[in-house]
file target.txt (compact mmCIF, C-alpha atoms)
# COMPACT_ATOMS: atom_id res chain seq x y z
CA MET A 1 -48.02 15.62 -39.10
CA GLU A 2 -47.99 19.09 -40.66
CA THR A 3 -44.59 20.53 -41.53
CA ILE A 4 -43.68 23.62 -39.55
CA SER A 5 -41.46 26.17 -41.27
CA PHE A 6 -39.31 28.99 -39.93
CA THR A 7 -38.78 31.48 -42.73
CA SER A 8 -37.54 35.05 -43.06
CA ALA A 9 -40.88 35.87 -44.73
CA GLY A 10 -42.67 34.67 -41.58
CA PHE A 11 -40.34 36.73 -39.43
CA LYS A 12 -41.02 39.85 -41.51
CA THR A 13 -44.78 39.24 -41.29
CA GLY A 14 -44.42 39.00 -37.52
CA VAL A 15 -42.45 42.25 -37.39
CA ARG A 16 -45.10 43.99 -39.50
CA ARG A 17 -47.95 42.68 -37.37
CA SER A 18 -46.17 43.66 -34.16
CA LEU A 19 -46.22 47.37 -34.99
CA PRO A 20 -49.85 48.03 -33.94
CA LEU A 21 -49.24 45.93 -30.83
CA LEU A 22 -46.59 48.41 -29.80
CA ALA A 23 -49.41 50.94 -29.39
CA GLY A 24 -50.78 48.74 -26.62
CA LEU A 25 -47.48 47.74 -25.05
CA SER A 26 -45.74 51.13 -25.04
CA PRO A 27 -47.99 53.00 -22.58
CA PHE A 28 -47.63 50.10 -20.17
CA GLY A 29 -43.84 50.03 -20.56
CA PHE A 30 -43.77 53.79 -20.06
CA VAL A 31 -45.67 53.47 -16.77
CA VAL A 32 -43.39 50.67 -15.57
CA GLY A 33 -40.33 52.85 -16.28
CA LEU A 34 -41.95 55.78 -14.50
CA ILE A 35 -42.73 53.73 -11.40
CA THR A 36 -39.29 52.12 -11.40
CA GLN A 37 -37.73 55.57 -11.14
CA HIS A 38 -40.08 56.47 -8.28
CA HIS A 39 -38.78 53.48 -6.32
CA GLY A 40 -35.21 54.69 -6.51
CA LEU A 41 -33.72 52.20 -8.97
CA SER A 42 -30.94 53.47 -11.22
CA LEU A 43 -31.39 53.72 -14.99
CA LEU A 44 -29.15 50.69 -15.48
CA GLN A 45 -31.14 48.67 -12.93
CA CYS A 46 -34.36 49.73 -14.69
CA MET A 47 -33.02 48.60 -18.05
CA VAL A 48 -31.68 45.30 -16.70
CA MET A 49 -35.01 44.56 -15.01
CA ASN A 50 -37.06 45.40 -18.11
CA GLY A 51 -34.72 43.53 -20.41
CA LEU A 52 -34.40 40.34 -18.40
CA VAL A 53 -37.73 40.08 -16.57
CA TYR A 54 -39.80 41.68 -19.35
CA ALA A 55 -43.10 41.09 -17.60
CA GLY A 56 -44.59 44.44 -16.62
CA ALA A 57 -47.39 43.29 -14.33
CA SER A 58 -45.03 41.26 -12.14
CA GLN A 59 -42.56 44.15 -12.05
CA LEU A 60 -45.31 46.49 -10.82
CA VAL A 61 -46.32 44.03 -8.09
CA ALA A 62 -42.68 43.58 -7.01
CA LEU A 63 -42.03 47.34 -7.06
CA ALA A 64 -45.17 48.00 -4.99
CA ASN A 65 -43.53 45.99 -2.20
CA TRP A 66 -39.97 47.17 -2.87
CA THR A 67 -37.68 47.72 0.14
CA HIS A 68 -34.05 48.69 0.68
CA PRO A 69 -32.16 46.36 0.57
CA ALA A 70 -34.16 44.79 -2.24
CA PRO A 71 -36.61 42.01 -1.30
CA ILE A 72 -35.16 39.07 -3.22
CA LEU A 73 -37.62 36.37 -2.12
CA ALA A 74 -40.66 38.64 -2.29
CA ALA A 75 -39.72 39.83 -5.78
CA ALA A 76 -39.20 36.24 -6.96
CA PHE A 77 -42.55 35.24 -5.47
CA ALA A 78 -44.30 38.16 -7.20
CA ALA A 79 -42.76 37.04 -10.48
CA LEU A 80 -43.93 33.47 -9.89
CA VAL A 81 -47.50 34.35 -8.99
CA VAL A 82 -48.04 36.90 -11.75
CA ASN A 83 -46.18 35.08 -14.51
CA MET A 84 -47.47 31.57 -13.91
CA ARG A 85 -49.88 32.17 -16.79
CA PHE A 86 -46.92 31.98 -19.18
CA ALA A 87 -46.54 28.30 -18.25
CA LEU A 88 -50.05 27.74 -19.61
CA MET A 89 -49.33 29.59 -22.85
CA GLY A 90 -46.28 27.72 -24.13
CA PRO A 91 -48.04 24.34 -24.56
CA VAL A 92 -50.77 25.92 -26.73
CA LEU A 93 -48.08 26.84 -29.28
CA ALA A 94 -46.47 23.38 -29.03
CA PRO A 95 -47.30 22.44 -32.65
CA TRP A 96 -45.15 25.37 -33.80
CA LEU A 97 -42.43 25.21 -31.16
CA ALA A 98 -41.82 21.47 -31.61
CA GLY A 99 -41.11 22.01 -35.28
CA ILE A 100 -38.25 24.51 -34.94
CA LYS A 101 -34.62 24.37 -33.80
CA PRO A 102 -33.83 24.58 -30.07
CA LEU A 103 -32.21 28.05 -30.13
CA PRO A 104 -35.03 29.97 -31.87
CA ARG A 105 -37.49 27.96 -29.80
CA PHE A 106 -35.78 29.00 -26.56
CA ILE A 107 -35.49 32.67 -27.59
CA SER A 108 -39.12 32.70 -28.74
CA LEU A 109 -40.24 31.36 -25.37
CA ALA A 110 -37.91 33.69 -23.44
CA ILE A 111 -39.56 36.74 -25.03
CA LEU A 112 -43.11 35.36 -24.97
CA VAL A 113 -45.65 38.00 -24.03
CA ASP A 114 -49.42 37.95 -24.08
CA HIS A 115 -49.70 40.02 -27.25
CA SER A 116 -47.34 37.96 -29.42
CA TRP A 117 -48.85 34.76 -28.11
CA ALA A 118 -52.44 35.79 -28.88
CA LEU A 119 -51.67 36.78 -32.47
CA SER A 120 -49.64 33.60 -33.00
CA VAL A 121 -52.44 31.40 -31.65
CA THR A 122 -54.91 33.19 -33.93
CA ASP A 123 -52.65 32.56 -36.93
CA MET A 124 -52.05 28.93 -35.93
CA ARG A 125 -55.80 28.31 -35.63
CA ARG A 126 -56.25 29.66 -39.15
CA GLY A 127 -53.81 27.08 -40.43
CA GLY A 128 -50.60 29.12 -40.25
CA ARG A 129 -47.48 26.94 -40.13
CA ASP A 130 -44.63 29.44 -40.08
CA ALA A 131 -43.29 29.58 -36.51
CA ALA A 132 -41.05 32.53 -37.38
CA LEU A 133 -44.17 34.68 -37.08
CA PHE A 134 -44.06 34.20 -33.29
CA PHE A 135 -40.36 35.11 -33.22
CA GLY A 136 -40.94 38.09 -35.53
CA LEU A 137 -43.69 39.38 -33.26
CA GLY A 138 -41.57 38.95 -30.15
CA VAL A 139 -38.36 40.78 -31.13
CA PRO A 140 -39.85 44.24 -31.94
CA LEU A 141 -42.13 44.01 -28.91
CA TRP A 142 -39.08 43.47 -26.67
CA CYS A 143 -37.26 46.38 -28.33
CA GLY A 144 -40.35 48.60 -28.04
CA TRP A 145 -40.72 47.65 -24.38
CA MET A 146 -37.12 48.64 -23.70
CA LEU A 147 -37.57 51.99 -25.43
CA ALA A 148 -40.89 52.75 -23.73
CA SER A 149 -39.74 51.78 -20.22
CA THR A 150 -36.49 53.72 -20.59
CA ALA A 151 -38.43 56.74 -21.88
CA GLY A 152 -40.78 56.42 -18.90
CA TYR A 153 -37.83 56.30 -16.49
CA LEU A 154 -36.18 59.34 -18.05
CA SER A 155 -39.45 61.32 -18.14
CA ALA A 156 -40.42 60.52 -14.56
CA SER A 157 -39.05 63.70 -13.04
CA SER A 158 -40.43 66.07 -15.69
CA LEU A 159 -43.78 64.51 -16.58
CA ASP A 160 -46.91 64.55 -14.51
CA LEU A 161 -49.48 62.25 -16.09
CA ALA A 162 -52.48 61.45 -13.91
CA PRO A 163 -52.92 57.70 -13.35
CA ARG A 164 -56.34 57.95 -15.04
CA ASN A 165 -55.03 59.65 -18.15
CA PRO A 166 -56.87 57.95 -21.06
CA ILE A 167 -53.54 57.18 -22.72
CA PHE A 168 -53.04 54.41 -20.15
CA PHE A 169 -56.22 52.73 -21.40
CA GLY A 170 -54.13 51.71 -24.42
CA ALA A 171 -52.70 48.77 -22.44
CA LEU A 172 -56.17 47.41 -21.64
CA ALA A 173 -57.48 48.24 -25.12
CA ALA A 174 -54.80 45.98 -26.61
CA PHE A 175 -56.10 43.01 -24.63
CA VAL A 176 -59.72 43.83 -25.50
CA ALA A 177 -58.82 44.00 -29.20
CA LEU A 178 -56.87 40.73 -29.03
CA LEU A 179 -59.98 38.98 -27.69
CA VAL A 180 -61.97 39.70 -30.86
CA PRO A 181 -60.14 37.38 -33.31
CA LEU A 182 -60.04 34.68 -30.62
CA TRP A 183 -63.86 34.52 -30.55
CA ARG A 184 -64.99 31.31 -32.26
CA GLY A 185 -68.73 31.69 -31.71
CA ARG A 186 -71.24 30.43 -29.17
CA ILE A 187 -68.90 27.65 -28.05
CA ASP A 188 -66.84 30.34 -26.28
CA LEU A 189 -69.70 32.14 -24.54
CA LEU A 190 -69.98 30.03 -21.37
CA PRO A 191 -66.21 29.37 -20.88
CA TRP A 192 -65.41 33.08 -21.28
CA SER A 193 -68.26 34.04 -18.92
CA VAL A 194 -67.05 31.58 -16.28
CA ALA A 195 -63.49 32.88 -16.71
CA GLY A 196 -64.73 36.45 -16.25
CA ILE A 197 -66.88 35.74 -13.19
CA MET A 198 -64.21 33.61 -11.51
CA SER A 199 -61.45 36.14 -12.16
CA VAL A 200 -63.53 39.02 -10.76
CA THR A 201 -64.31 36.94 -7.66
CA ILE A 202 -60.69 35.94 -7.03
CA ALA A 203 -59.46 39.48 -7.72
CA HIS A 204 -61.71 40.65 -4.87
CA MET A 205 -60.67 37.82 -2.54
CA LEU A 206 -56.91 38.10 -3.21
CA PRO A 207 -56.16 41.73 -4.06
CA HIS A 208 -52.65 42.77 -5.19
CA THR A 209 -51.93 39.32 -6.63
CA SER A 210 -52.58 37.92 -10.07
CA TRP A 211 -54.01 34.57 -9.03
CA TYR A 212 -57.27 35.77 -10.56
CA ILE A 213 -55.85 35.38 -14.07
CA VAL A 214 -54.79 31.77 -13.51
CA ALA A 215 -58.00 30.89 -11.62
CA GLY A 216 -60.23 32.55 -14.22
CA ALA A 217 -58.43 31.02 -17.18
CA LEU A 218 -58.38 27.50 -15.70
CA SER A 219 -62.05 27.58 -14.66
CA GLY A 220 -63.03 28.78 -18.13
CA CYS A 221 -60.95 26.07 -19.80
CA MET A 222 -62.41 23.35 -17.61
CA THR A 223 -65.92 24.60 -18.38
CA GLY A 224 -65.18 24.43 -22.11
CA ALA A 225 -63.79 20.91 -21.83
CA ALA A 226 -66.73 19.78 -19.68
CA ILE A 227 -69.24 21.13 -22.23
CA GLU A 228 -67.50 19.32 -25.09
CA MET A 229 -67.28 16.03 -23.17
CA ARG A 230 -70.95 16.26 -22.23
CA GLN A 231 -72.05 16.90 -25.79
CA GLU A 232 -70.55 13.58 -26.95
CA MET B 1 -24.25 45.98 -0.82
CA GLU B 2 -27.67 47.52 -1.32
CA ARG B 3 -27.03 48.00 -5.02
CA PHE B 4 -25.99 44.37 -5.25
CA SER B 5 -29.23 43.24 -3.62
CA VAL B 6 -31.21 45.04 -6.35
CA TYR B 7 -29.43 43.00 -9.01
CA GLU B 8 -29.97 39.82 -6.98
CA ALA B 9 -33.69 40.55 -6.79
CA ILE B 10 -33.82 41.28 -10.53
CA ALA B 11 -31.91 38.05 -11.27
CA ALA B 12 -34.32 36.06 -9.09
CA MET B 13 -37.33 37.59 -10.87
CA ALA B 14 -35.77 36.98 -14.28
CA ALA B 15 -34.99 33.32 -13.47
CA VAL B 16 -38.48 32.61 -12.13
CA THR B 17 -40.10 34.33 -15.13
CA LEU B 18 -37.93 32.42 -17.61
CA ILE B 19 -38.88 29.14 -15.91
CA CYS B 20 -42.57 30.14 -16.14
CA ARG B 21 -42.18 30.90 -19.85
CA CYS B 22 -40.37 27.63 -20.69
CA ALA B 23 -41.65 25.08 -18.15
CA GLY B 24 -45.16 24.59 -19.50
CA TYR B 25 -43.94 23.80 -22.99
CA MET B 26 -41.10 21.58 -21.75
CA ILE B 27 -43.39 19.53 -19.51
CA PHE B 28 -46.08 19.12 -22.15
CA SER B 29 -43.54 18.16 -24.81
CA HIS B 30 -42.49 15.16 -22.71
CA ILE B 31 -45.93 13.88 -21.81
CA THR B 32 -49.08 13.35 -23.83
CA PRO B 33 -51.83 15.01 -21.84
CA PRO B 34 -55.20 13.27 -21.62
CA LEU B 35 -57.99 14.30 -24.00
CA VAL B 36 -59.78 16.41 -21.42
CA VAL B 37 -56.62 18.45 -20.78
CA ARG B 38 -56.04 18.97 -24.52
CA ARG B 39 -59.63 20.13 -24.92
CA ALA B 40 -59.26 22.47 -21.96
CA MET B 41 -56.03 23.91 -23.43
CA ALA B 42 -57.88 24.70 -26.66
CA HIS B 43 -60.12 27.02 -24.66
CA LEU B 44 -57.20 28.76 -22.95
CA PRO B 45 -56.50 31.68 -25.33
CA GLY B 46 -59.90 33.32 -25.02
CA CYS B 47 -60.35 32.47 -21.35
CA ILE B 48 -57.00 33.92 -20.29
CA PHE B 49 -57.74 37.26 -21.95
CA ALA B 50 -61.30 37.31 -20.58
CA ALA B 51 -59.72 36.76 -17.15
CA TYR B 52 -57.49 39.83 -17.67
CA VAL B 53 -59.95 42.16 -19.23
CA ILE B 54 -63.13 41.69 -17.20
CA PRO B 55 -61.62 42.32 -13.70
CA ALA B 56 -59.75 45.35 -15.08
CA LEU B 57 -62.99 46.78 -16.48
CA VAL B 58 -64.91 46.04 -13.28
CA ALA B 59 -62.22 47.77 -11.17
CA GLY B 60 -61.72 50.72 -13.53
CA PRO B 61 -63.74 53.90 -14.17
CA PRO B 62 -67.03 53.53 -16.12
CA GLN B 63 -65.68 55.23 -19.23
CA ASN B 64 -63.37 52.23 -19.71
CA TRP B 65 -66.46 50.19 -20.65
CA ALA B 66 -67.20 52.67 -23.43
CA GLY B 67 -63.56 52.46 -24.51
CA ALA B 68 -63.67 48.64 -24.47
CA ALA B 69 -66.92 48.57 -26.48
CA THR B 70 -65.45 50.97 -29.05
CA THR B 71 -62.26 48.93 -29.30
CA MET B 72 -64.25 45.72 -29.80
CA VAL B 73 -66.57 47.13 -32.46
CA VAL B 74 -63.70 48.69 -34.42
CA MET B 75 -61.67 45.48 -34.17
CA ALA B 76 -64.65 43.34 -35.26
CA LYS B 77 -65.30 45.60 -38.26
CA SER B 78 -61.74 46.42 -39.33
CA ARG B 79 -59.52 43.66 -37.85
CA ASN B 80 -56.97 46.46 -37.52
CA LEU B 81 -55.33 46.25 -34.10
CA GLY B 82 -53.63 49.65 -34.10
CA LEU B 83 -56.79 51.44 -35.24
CA SER B 84 -58.87 49.61 -32.63
CA ILE B 85 -56.53 50.58 -29.77
CA ALA B 86 -56.35 54.18 -30.97
CA MET B 87 -60.14 54.48 -31.32
CA GLY B 88 -60.60 52.98 -27.85
CA VAL B 89 -58.28 55.57 -26.30
CA ILE B 90 -59.82 58.42 -28.33
CA SER B 91 -63.33 57.35 -27.28
CA ILE B 92 -62.30 57.75 -23.62
CA PHE B 93 -60.94 61.25 -24.31
CA VAL B 94 -64.29 62.06 -25.97
CA PHE B 95 -66.28 60.46 -23.16
CA ASP B 96 -64.26 62.37 -20.53
CA TYR B 97 -64.64 65.66 -22.40
CA PHE B 98 -68.38 65.53 -23.03
CA LEU B 99 -69.69 63.67 -20.01
CA ILE B 100 -67.35 63.91 -17.06
CA LYS B 101 -66.33 67.57 -17.31
CA ASP B 102 -69.96 68.73 -17.69
CA ILE B 103 -71.06 67.12 -14.45

call {"tool": "encode", "arguments": {"input": "target.txt", "output": "structure tokens"}}
result
Amino acid sequence: METISFTSAGFKTGVRRSLPLLAGLSPFGFVVGLITQHHGLSLLQCMVMNGLVYAGASQLVALANWTHPAPILAAAFAALVVNMRFALMGPVLAPWLAGIKPLPRFISLAILVDHSWALSVTDMRRGGRDAALFFGLGVPLWCGWMLASTAGYLSASSLDLAPRNPIFFGALAAFVALLVPLWRGRIDLLPWSVAGIMSVTIAHMLPHTSWYIVAGALSGCMTGAAIEMRQE
Amino acid sequence: MERFSVYEAIAAMAAVTLICRCAGYMIFSHITPPLVVRRAMAHLPGCIFAAYVIPALVAGPPQNWAGAATTMVVMAKSRNLGLSIAMGVISIFVFDYFLIKDI
């Protein structure tokens, strides 16, 4: 079995590589802060939510259905439905996570986000063995998220950005860009297509939920596995 | 009371999200999944992002497709994430300026 390391050099590499990711994460964090203010939460509540939940899409879904007093079960359910994809992500990084101490492993998982995960998987596939990269990506992204969401909250009353302002495309552009290094060639064409078609279909059938991500991802994965099994 | 309920809701969301982040790894570290599951997991990274991006593009305005294409081309050529995101956003500003405002 390959030896997994956890070095300060790996951490620094992660920090360095996280900086461009902040360009994708910050507009999203800003919007979440903005919307949190619109729903009447205090600055402290906004910061606690962004710091502890740290999953913008689920926060937006929960806030869209926010009531006074706060909807505890509905908010928890929104978090479950939207963030279930995280449960699929952890096992992919198992070769790294299994090789490090419990505390950094737990913190790394607790601050897992799509961006840090995608770059870590790309590095792992290229033979990378330093799990501190994942940790180093995660810490600045969390800090950047806190800054961006707090800035969004504080700007909410003075700033009037239209929802279609191109700056908000930055969040989607980050995901589009992260797809590129994950492309392995023709082997990915059919699984990705199935994932896309299934996710569009489910998004239409179940609007305002994020089941489409889980359904699309799982159908694409199963297609990929089926193709490989058939080829043998 | 109302303020307390906000913190309760946030705590519930945080707990559920933490379980989502940790549970998959913890379960898979205690069992050895069958070959078909391991093969399927190897396809997950690309499929999960395809499942984010494609519905968002389908639901969004048409200029987002131009932005996505620009982002992809720049990323494929440069492998520079920050540059790719910036060029994607700039391309939408350009697209808006030249095409939408003239209509």

call {"tool": "axis_aligned_box", "arguments": {"input": "target.txt", "around": "segment 81-95 of chain A", "padding_each_side": "4 Å", "output": "lines of an AutoDock Vina configuration file"}}
result
center_x = -48.5
center_y = 29.7
center_z = -20.8
size_x = 12.6
size_y = 22.5
size_z = 31.7

call {"tool": "interface_residues", "arguments": {"input": "target.txt", "of": "chain A", "to": "chain B", "cutoff": "6 Å", "atoms": "only C-alpha atoms", "output": "PyMOL selection string"}}
result
chain A and resi 20+49+52-53+69-70+72+76+79-80+84+86-88+90-91+109-110+166+170+173-174+177+182+192+195-196+199-200+213+216-217+220-222+225

call {"tool": "write_last_selection", "arguments": {"input": "target.txt", "atoms": "C-alpha atoms", "output": "mmCIF file, keeping the file's coordinate frame"}}
result
data_model
loop_
_atom_site.group_PDB
_atom_site.id
_atom_site.type_symbol
_atom_site.label_atom_id
_atom_site.label_comp_id
_atom_site.auth_asym_id
_atom_site.auth_seq_id
_atom_site.Cartn_x
_atom_site.Cartn_y
_atom_site.Cartn_z
ATOM 1 C CA PRO A 20 -49.850 48.030 -33.940
ATOM 2 C CA MET A 49 -35.010 44.560 -15.010
ATOM 3 C CA LEU A 52 -34.400 40.340 -18.400
ATOM 4 C CA VAL A 53 -37.730 40.080 -16.570
ATOM 5 C CA PRO A 69 -32.160 46.360 0.570
ATOM 6 C CA ALA A 70 -34.160 44.790 -2.240
ATOM 7 C CA ILE A 72 -35.160 39.070 -3.220
ATOM 8 C CA ALA A 76 -39.200 36.240 -6.960
ATOM 9 C CA ALA A 79 -42.760 37.040 -10.480
ATOM 10 C CA LEU A 80 -43.930 33.470 -9.890
ATOM 11 C CA MET A 84 -47.470 31.570 -13.910
ATOM 12 C CA PHE A 86 -46.920 31.980 -19.180
ATOM 13 C CA ALA A 87 -46.540 28.300 -18.250
ATOM 14 C CA LEU A 88 -50.050 27.740 -19.610
ATOM 15 C CA GLY A 90 -46.280 27.720 -24.130
ATOM 16 C CA PRO A 91 -48.040 24.340 -24.560
ATOM 17 C CA LEU A 109 -40.240 31.360 -25.370
ATOM 18 C CA ALA A 110 -37.910 33.690 -23.440
ATOM 19 C CA PRO A 166 -56.870 57.950 -21.060
ATOM 20 C CA GLY A 170 -54.130 51.710 -24.420
ATOM 21 C CA ALA A 173 -57.480 48.240 -25.120
ATOM 22 C CA ALA A 174 -54.800 45.980 -26.610
ATOM 23 C CA ALA A 177 -58.820 44.000 -29.200
ATOM 24 C CA LEU A 182 -60.040 34.680 -30.620
ATOM 25 C CA TRP A 192 -65.410 33.080 -21.280
ATOM 26 C CA ALA A 195 -63.490 32.880 -16.710
ATOM 27 C CA GLY A 196 -64.730 36.450 -16.250
ATOM 28 C CA SER A 199 -61.450 36.140 -12.160
ATOM 29 C CA VAL A 200 -63.530 39.020 -10.760
ATOM 30 C CA ILE A 213 -55.850 35.380 -14.070
ATOM 31 C CA GLY A 216 -60.230 32.550 -14.220
ATOM 32 C CA ALA A 217 -58.430 31.020 -17.180
ATOM 33 C CA GLY A 220 -63.030 28.780 -18.130
ATOM 34 C CA CYS A 221 -60.950 26.070 -19.800
ATOM 35 C CA MET A 222 -62.410 23.350 -17.610
ATOM 36 C CA ALA A 225 -63.790 20.910 -21.830
#

call {"tool": "atom_distance", "arguments": {"input": "target.txt", "atom1": "atom CA of Leu25 of chain A", "atom2": "atom CA of Leu141 of chain A"}}
result
7.6 Å

call {"tool": "atom_distance", "arguments": {"input": "target.txt", "atom1": "atom CA of Ser108 of chain A", "atom2": "atom CA of Val82 of chain A"}}
result
19.6 Å

call {"tool": "atom_distance", "arguments": {"input": "target.txt", "atom1": "atom CA of Ile100 of chain A", "atom2": "atom CA of Phe6 of chain A"}}
result
6.8 Å

call {"tool": "residues_near_point", "arguments": {"input": "target.txt", "point": "(-49.6, 24.0, -32.4)", "cutoff": "10 Å", "atoms": "all atoms listed in the file", "output": "list in words"}}
result
Glu2, Ile4, Gly90, Pro91, Val92, Leu93, Ala94, Pro95, Trp96, Leu97, Ala98, Gly99, Ser120, Val121, Met124, Arg125, Gly127, Gly128, Arg129 and Ala131 of chain A

call {"tool": "residues_near_point", "arguments": {"input": "target.txt", "point": "(-36.8, 59.1, -8.7)", "cutoff": "12 Å", "atoms": "only C-alpha atoms", "output": "list in words"}}
result
Gly33, Leu34, Ile35, Thr36, Gln37, His38, His39, Gly40, Leu41, Ser42, Leu43, Cys46, Gly152, Tyr153, Leu154, Ser155, Ala156, Ser157, Ser158 and Leu159 of chain A

call {"tool": "residues_around", "arguments": {"input": "target.txt", "residues": "Ala162 of chain A", "least_positions_apart": "5", "cutoff": "12 Å", "atoms": "only C-alpha atoms", "output": "PDB file with C-alpha atoms, in the coordinates of the input"}}
result
ATOM      1  CA  VAL A  31     -45.670  53.470 -16.770  1.00  0.00           C
ATOM      2  CA  LEU A  34     -41.950  55.780 -14.500  1.00  0.00           C
ATOM      3  CA  ILE A 167     -53.540  57.180 -22.720  1.00  0.00           C
ATOM      4  CA  PHE A 168     -53.040  54.410 -20.150  1.00  0.00           C
TER       5      PHE A 168
END

call {"tool": "closest_residue", "arguments": {"input": "target.txt", "among": "A:Lys101, A:Arg16, A:Arg164, A:Arg85", "to": "Ala215 of chain A", "atoms": "only C-alpha atoms"}}
result
A:Arg85

call {"tool": "build_atoms", "arguments": {"input": "target.txt", "residues": "segment 26-37 of chain B", "atoms": "N, CA, C and O atoms", "output": "mmCIF file, in the coordinates of the input"}}
result
data_model
loop_
_atom_site.group_PDB
_atom_site.id
_atom_site.type_symbol
_atom_site.label_atom_id
_atom_site.label_comp_id
_atom_site.auth_asym_id
_atom_site.auth_seq_id
_atom_site.Cartn_x
_atom_site.Cartn_y
_atom_site.Cartn_z
ATOM 1 N N MET B 26 -42.029 22.704 -21.945
ATOM 2 C CA MET B 26 -41.100 21.580 -21.750
ATOM 3 C C MET B 26 -41.802 20.372 -21.120
ATOM 4 O O MET B 26 -41.568 19.235 -21.516
ATOM 5 N N ILE B 27 -42.675 20.642 -20.156
ATOM 6 C CA ILE B 27 -43.390 19.530 -19.510
ATOM 7 C C ILE B 27 -44.327 18.864 -20.513
ATOM 8 O O ILE B 27 -44.335 17.648 -20.666
ATOM 9 N N PHE B 28 -45.092 19.683 -21.226
ATOM 10 C CA PHE B 28 -46.080 19.120 -22.150
ATOM 11 C C PHE B 28 -45.438 18.450 -23.367
ATOM 12 O O PHE B 28 -46.082 17.644 -24.026
ATOM 13 N N SER B 29 -44.176 18.814 -23.667
ATOM 14 C CA SER B 29 -43.540 18.160 -24.810
ATOM 15 C C SER B 29 -43.018 16.774 -24.438
ATOM 16 O O SER B 29 -42.653 15.992 -25.302
ATOM 17 N N HIS B 30 -42.962 16.480 -23.141
ATOM 18 C CA HIS B 30 -42.490 15.160 -22.710
ATOM 19 C C HIS B 30 -43.609 14.220 -22.297
ATOM 20 O O HIS B 30 -43.383 13.042 -22.067
ATOM 21 N N ILE B 31 -44.797 14.753 -22.143
ATOM 22 C CA ILE B 31 -45.930 13.880 -21.810
ATOM 23 C C ILE B 31 -47.053 14.133 -22.810
ATOM 24 O O ILE B 31 -47.130 15.204 -23.404
ATOM 25 N N THR B 32 -47.891 13.148 -23.000
ATOM 26 C CA THR B 32 -49.080 13.350 -23.830
ATOM 27 C C THR B 32 -50.254 13.549 -22.884
ATOM 28 O O THR B 32 -50.670 12.604 -22.210
ATOM 29 N N PRO B 33 -50.752 14.771 -22.797
ATOM 30 C CA PRO B 33 -51.830 15.010 -21.840
ATOM 31 C C PRO B 33 -53.107 14.292 -22.254
ATOM 32 O O PRO B 33 -53.330 14.075 -23.450
ATOM 33 N N PRO B 34 -53.945 13.924 -21.278
ATOM 34 C CA PRO B 34 -55.200 13.270 -21.620
ATOM 35 C C PRO B 34 -56.115 14.185 -22.446
ATOM 36 O O PRO B 34 -55.923 15.406 -22.470
ATOM 37 N N LEU B 35 -57.107 13.568 -23.083
ATOM 38 C CA LEU B 35 -57.990 14.300 -24.000
ATOM 39 C C LEU B 35 -58.644 15.509 -23.331
ATOM 40 O O LEU B 35 -58.720 16.590 -23.919
ATOM 41 N N VAL B 36 -59.074 15.310 -22.092
ATOM 42 C CA VAL B 36 -59.780 16.410 -21.420
ATOM 43 C C VAL B 36 -58.857 17.613 -21.226
ATOM 44 O O VAL B 36 -59.280 18.766 -21.370
ATOM 45 N N VAL B 37 -57.582 17.355 -20.968
ATOM 46 C CA VAL B 37 -56.620 18.450 -20.780
ATOM 47 C C VAL B 37 -56.377 19.145 -22.119
ATOM 48 O O VAL B 37 -56.340 20.375 -22.205
#
